[in-house]
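Chemist: Sharing a structure here in structure tokens format.
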Amino acid sequence: MDTRKLRHFIALCEHGTFHRAAEVVHLSQSALSRSIQALEQELGAPLFDRVGHRTQLNAVGRSLAERARRLLFEEKQLQRELSLVRSGEFGEVSLGVSPTPASMLLRPCLVALAHERPQLRVNVVMGRTRQLIEELRAEKLDLVVVDATDIANPGDLDIEPLATLPGDFLCRREHPLLALPHASFDDVLRYPIACSAVSEALARRLVAAFGAKAHPSRLITYRCDSYEIQREVVLRSDTVLMSVVAIMRDEIEAGELVPLGVLTGVVTGSYVLVRLAGRSSSPALDRIG
């Protein structure tokens with residue numbers, strides 16, 4: 001069976017009319033119609049019911065559509081594997097990283113690659129977990145490192161757990177909270193709170209521990225995915241940072257920022273390395289791993 005006809009068939013399935021499908025596959029409507037007719041003749045059965053100007057899959061068409069998509073996926077993966085074998089060291093990888101792992105891992109990773117794989121092209125996309133997973137599924141990214149608790153429908157993904165890291169409130173060393181014997185959650189609420197995006201799972205844990213006032217929609221004053229900006233704001237004001245502690249390790253060791261111990265056991269960061277199941281991995285990406 002000619003996979004070109006299957007691509008024409010899938011285009012018609014997805015776009016519903018010969019006019020739109022023909023534009024997508026760069027054919028005239030008559031040429032697309034001939035291709036579909038040839039496929040139906042090969043199979044010995046019609047694939048669509050014609051309803052007005054639209055076409056609708058019949059039972060045979062629905063059965064073929066599922067298998068045709070898989071065949072085309074496998075054909076694409078074969079072409080990709082052959083290309084990757086040829087590329088060797090001169091490959092290209094696209095990585096997606098959510099804000100917290102980006103702040104901890106991205107800089108040392110790129111520095112190491114600059115020394116060890118200077119001819120490897122690396123495209124980095126920073127974004128929220130769900131956006132990055134969508135781009136991974138669309139095959140725009142080869143690998144993502146994201147929050148483990150914010151992944152929906154993981155059945156088509158290969159997920160490798162990374163470390164789970166504790167989080168807390170942090171403030172500058174001259175902050176009024178440090179004059180208290182033991183700062184409480186309510187004490188912290190008297191000040192602005194900065195944080196990156198909060199997963200639904202973490203939001204539930206906060207509410208369970210501290211009540212409705214701890215929901216991120218009420219708790220967070222400054223929502224920002226840049227930890228560099230958050231750091232400057234917290235160091236220059238009475239703003240309190242809610243974060244994975246490891247991100248600010250240098251500032252803590254230097255005595256510039258102080259964890260308050262209020263969120264111990266409540267706020268943790270669980271991160272995972274995610275690939276698309278069934279998609280061939282580039283040799284360059286394997287070397288990064």
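By convention in this document, the chains of the structure tokens carry letters A, B, ... by their order, each chain's residues are numbered from 1, and ligands are numbered from 1 in the order they are shown.
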At a cut-off of 12 Å, can you tabulate as JSON lines every residue of range 16-96 of chain A near range 145-165 of chain A together with its closest atom pair and the distance in Å to one decimal, using only C-alpha atoms and ordering rows by chain then number?

Modeler:
```
{"residue": "A:Ser94", "atom": "CA", "partner": "A:Val145", "partner_atom": "CA", "distance": 11.6}
{"residue": "A:Leu95", "atom": "CA", "partner": "A:Val145", "partner_atom": "CA", "distance": 8.0}
{"residue": "A:Gly96", "atom": "CA", "partner": "A:Val145", "partner_atom": "CA", "distance": 6.4}
```

Chemist: Grab the residues selected above and save them as a PDB file, in the first residue's frame with N, CA, C and O atoms.

Modeler:
```pdb
ATOM      1  N   SER A  94      16.368  19.340  20.928  1.00  0.00           N
ATOM      2  CA  SER A  94      15.499  20.387  21.456  1.00  0.00           C
ATOM      3  C   SER A  94      15.033  19.971  22.840  1.00  0.00           C
ATOM      4  O   SER A  94      14.430  18.912  23.008  1.00  0.00           O
ATOM      5  N   LEU A  95      15.324  20.820  23.824  1.00  0.00           N
ATOM      6  CA  LEU A  95      15.028  20.520  25.218  1.00  0.00           C
ATOM      7  C   LEU A  95      13.989  21.487  25.749  1.00  0.00           C
ATOM      8  O   LEU A  95      14.041  22.687  25.459  1.00  0.00           O
ATOM      9  N   GLY A  96      13.075  20.985  26.567  1.00  0.00           N
ATOM     10  CA  GLY A  96      12.107  21.829  27.261  1.00  0.00           C
ATOM     11  C   GLY A  96      12.332  21.732  28.757  1.00  0.00           C
ATOM     12  O   GLY A  96      12.503  20.628  29.282  1.00  0.00           O
TER      13      GLY A  96
END
```

Chemist: For range 262-266 of chain A, list every protein, DNA or RNA residue within 7 Å, evaluated using only C-alpha atoms, and leave out those in the same chain fewer than 3 positions away; present the list as a list in words.

Modeler: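 In the requested format, the answer is Gly167, Asp168, Phe169, Ser184, Phe185, Arg205 and Leu206 of chain A.
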
Chemist: Go ahead and save the picked residues with N, CA, C and O atoms, as a PDB file, in the first residue's frame.

Modeler:
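File written: out14.pdb
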```
ATOM      1  N   GLY A 167      11.198  22.427  49.880  1.00  0.00           N
ATOM      2  CA  GLY A 167      10.986  23.851  49.655  1.00  0.00           C
ATOM      3  C   GLY A 167      10.649  24.562  50.945  1.00  0.00           C
ATOM      4  O   GLY A 167      10.382  23.936  51.974  1.00  0.00           O
ATOM      5  N   ASP A 168      10.644  25.892  50.908  1.00  0.00           N
ATOM      6  CA  ASP A 168      10.357  26.673  52.109  1.00  0.00           C
ATOM      7  C   ASP A 168      10.123  28.120  51.709  1.00  0.00           C
ATOM      8  O   ASP A 168      10.290  28.512  50.551  1.00  0.00           O
ATOM      9  N   PHE A 169       9.735  28.929  52.697  1.00  0.00           N
ATOM     10  CA  PHE A 169       9.780  30.374  52.567  1.00  0.00           C
ATOM     11  C   PHE A 169      11.213  30.833  52.859  1.00  0.00           C
ATOM     12  O   PHE A 169      11.857  30.336  53.794  1.00  0.00           O
ATOM     13  N   SER A 184       5.555  32.145  61.931  1.00  0.00           N
ATOM     14  CA  SER A 184       4.477  31.226  61.560  1.00  0.00           C
ATOM     15  C   SER A 184       3.985  31.549  60.158  1.00  0.00           C
ATOM     16  O   SER A 184       4.365  32.562  59.560  1.00  0.00           O
ATOM     17  N   PHE A 185       3.104  30.689  59.655  1.00  0.00           N
ATOM     18  CA  PHE A 185       2.517  30.927  58.340  1.00  0.00           C
ATOM     19  C   PHE A 185       1.766  32.260  58.334  1.00  0.00           C
ATOM     20  O   PHE A 185       1.898  33.052  57.395  1.00  0.00           O
ATOM     21  N   ARG A 205      -1.820  20.585  48.692  1.00  0.00           N
ATOM     22  CA  ARG A 205      -1.062  20.349  49.924  1.00  0.00           C
ATOM     23  C   ARG A 205      -1.026  21.602  50.800  1.00  0.00           C
ATOM     24  O   ARG A 205      -1.131  21.515  52.025  1.00  0.00           O
ATOM     25  N   LEU A 206      -0.870  22.763  50.191  1.00  0.00           N
ATOM     26  CA  LEU A 206      -0.847  24.008  50.956  1.00  0.00           C
ATOM     27  C   LEU A 206      -2.175  24.241  51.663  1.00  0.00           C
ATOM     28  O   LEU A 206      -2.219  24.598  52.846  1.00  0.00           O
TER      29      LEU A 206
END
```

Chemist: Of the candidates A:Ile10, A:Ala102, A:Val198, A:Ile193, which one gets nearest to Leu57 in chain A if we count only C-alpha atoms?

Modeler: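 So, comparing all the options, the nearest one is A:Ile10.
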
Chemist: Which is closer to Arg172 in chain A than all the others in A:Cys13, A:Leu202, A:Val111, A:Val233, using only C-alpha atoms?

Modeler: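 When distances to Arg172 in chain A are compared using only C-alpha atoms, the smallest one comes from A:Val233.
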
Chemist: Give the strand (DSSP E or B) residues of range 7-230 of chain A, as DSSP finds them on the backbone, and put them as a PyMOL selection string.

Modeler: chain A and resi 48-51+54-57+92-97+121-126+143-147+157-172+193-195+222-223

Chemist: Neighbouring residues of Arg7 in chain A were defined as those with any atom within 10 Å, considering only C-alpha atoms; residues of the same chain fewer than 4 positions away were excluded. Please report them as number ranges by chain.

Modeler: A: 2-3, 11-13, 25, 68-69, 71-72

Chemist: Quick one: DSSP helix (DSSP H, G or I) residues in range 140-272 of chain A, as a PyMOL selection string?

Modeler: chain A and resi 148-150+154-156+176-179+185-188+200-210+212-214+216-219+227-235+245-253

Chemist: Mind checking which residues fall within 8 Å of Leu132 in chain A, counting only C-alpha atoms, ignoring those fewer than 3 positions away in the same chain, and posting them as a list of chain:residue names?

Modeler: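 My list of contacting residues is A:Gly96, A:Val97, A:Ser98, A:Met126, A:Gly127, A:Arg128, A:Thr129, A:Glu135, A:Leu136, A:Leu141, A:Val144.
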
Chemist: Would you mind exporting N, CA and C atoms of the selected residues as an mmCIF file, in the first residue's frame?

Modeler:
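Okay, this is what ended up in again_15.cif:
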```cif
data_model
loop_
_atom_site.group_PDB
_atom_site.id
_atom_site.type_symbol
_atom_site.label_atom_id
_atom_site.label_comp_id
_atom_site.auth_asym_id
_atom_site.auth_seq_id
_atom_site.Cartn_x
_atom_site.Cartn_y
_atom_site.Cartn_z
ATOM 1 N N GLY A 96 13.075 20.985 26.567
ATOM 2 C CA GLY A 96 12.107 21.829 27.261
ATOM 3 C C GLY A 96 12.332 21.732 28.757
ATOM 4 N N VAL A 97 12.339 22.853 29.433
ATOM 5 C CA VAL A 97 12.629 22.877 30.866
ATOM 6 C C VAL A 97 11.673 23.840 31.552
ATOM 7 N N SER A 98 11.027 23.385 32.611
ATOM 8 C CA SER A 98 10.174 24.281 33.394
ATOM 9 C C SER A 98 11.053 25.132 34.312
ATOM 10 N N MET A 126 11.936 27.251 27.473
ATOM 11 C CA MET A 126 11.510 27.311 28.867
ATOM 12 C C MET A 126 10.015 27.607 28.908
ATOM 13 N N GLY A 127 9.286 26.879 29.740
ATOM 14 C CA GLY A 127 7.843 27.090 29.803
ATOM 15 C C GLY A 127 7.221 26.319 30.947
ATOM 16 N N ARG A 128 5.898 26.376 31.011
ATOM 17 C CA ARG A 128 5.154 25.650 32.033
ATOM 18 C C ARG A 128 5.054 24.176 31.638
ATOM 19 N N THR A 129 4.859 23.328 32.629
ATOM 20 C CA THR A 129 4.893 21.881 32.403
ATOM 21 C C THR A 129 3.918 21.439 31.309
ATOM 22 N N GLU A 135 4.187 20.209 23.595
ATOM 23 C CA GLU A 135 5.179 20.342 22.526
ATOM 24 C C GLU A 135 5.984 19.056 22.363
ATOM 25 N N LEU A 136 6.206 18.335 23.459
ATOM 26 C CA LEU A 136 6.860 17.030 23.359
ATOM 27 C C LEU A 136 5.989 16.071 22.555
ATOM 28 N N LEU A 141 9.821 18.885 20.685
ATOM 29 C CA LEU A 141 10.886 18.753 21.666
ATOM 30 C C LEU A 141 11.302 17.295 21.759
ATOM 31 N N VAL A 144 12.010 16.707 27.892
ATOM 32 C CA VAL A 144 11.643 17.801 28.791
ATOM 33 C C VAL A 144 11.959 17.402 30.231
#
```

Chemist: Would you mind reading off the distance between CA of Ile252 in chain A and CA of Glu232 in chain A, one decimal, in Å?

Modeler: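 Interatomic distance, CA of Ile252 in chain A to CA of Glu232 in chain A: 13.9 Å.
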
Chemist: Would you mind listing what lies within 12 Å of Leu47 in chain A as a ChimeraX atom specification, with only C-alpha atoms counted and same-chain residues fewer than 2 positions away left out?

Modeler: /A:6,9-10,12-13,36-45,49-50,55-65

Chemist: Excluding Val234 in chain A and any residue of its chain fewer than 5 positions from it, enumerate the residues within 7 Å of it, using only C-alpha atoms, and give them as a PDB file with N, CA and C atoms, in the first residue's frame.

Modeler:
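around_5.pdb written:
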```pdb
ATOM      1  N   CYS A 171      13.695  34.543  53.165  1.00  0.00           N
ATOM      2  CA  CYS A 171      13.693  36.007  53.222  1.00  0.00           C
ATOM      3  C   CYS A 171      15.123  36.517  53.381  1.00  0.00           C
ATOM      4  N   ARG A 172      15.319  37.808  53.161  1.00  0.00           N
ATOM      5  CA  ARG A 172      16.658  38.398  53.308  1.00  0.00           C
ATOM      6  C   ARG A 172      17.057  38.417  54.776  1.00  0.00           C
ATOM      7  N   THR A 239       9.773  41.303  50.580  1.00  0.00           N
ATOM      8  CA  THR A 239       9.102  40.185  49.917  1.00  0.00           C
ATOM      9  C   THR A 239       9.708  38.868  50.374  1.00  0.00           C
ATOM     10  N   VAL A 240       8.844  37.858  50.549  1.00  0.00           N
ATOM     11  CA  VAL A 240       9.271  36.517  50.939  1.00  0.00           C
ATOM     12  C   VAL A 240       9.164  35.600  49.725  1.00  0.00           C
ATOM     13  N   LEU A 241      10.158  34.758  49.528  1.00  0.00           N
ATOM     14  CA  LEU A 241      10.178  33.841  48.391  1.00  0.00           C
ATOM     15  C   LEU A 241       9.714  32.458  48.818  1.00  0.00           C
TER      16      LEU A 241
END
```

Chemist: CA of Ala183 in chain A to CA of Leu170 in chain A: how many Å, to one decimal?

Modeler: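 Result for CA of Ala183 in chain A versus CA of Leu170 in chain A: 11.3 Å, one decimal.
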
Chemist: So, with only C-alpha atoms as the atoms that count, which of A:Phe73, A:Asp225, A:Arg107, A:Arg173 lies closest to Glu253 in chain A?

Modeler: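 For Glu253 in chain A, the nearest of the given residues is A:Arg173.
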
Chemist: Identify which of the residues A:Leu32, A:Leu106, A:Val244, A:Val124 lies closest to Ser270 in chain A, counting only C-alpha atoms when measuring atom-to-atom distances.

Modeler: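 Checking each candidate against Ser270 in chain A, we get A:Val244 as the closest.
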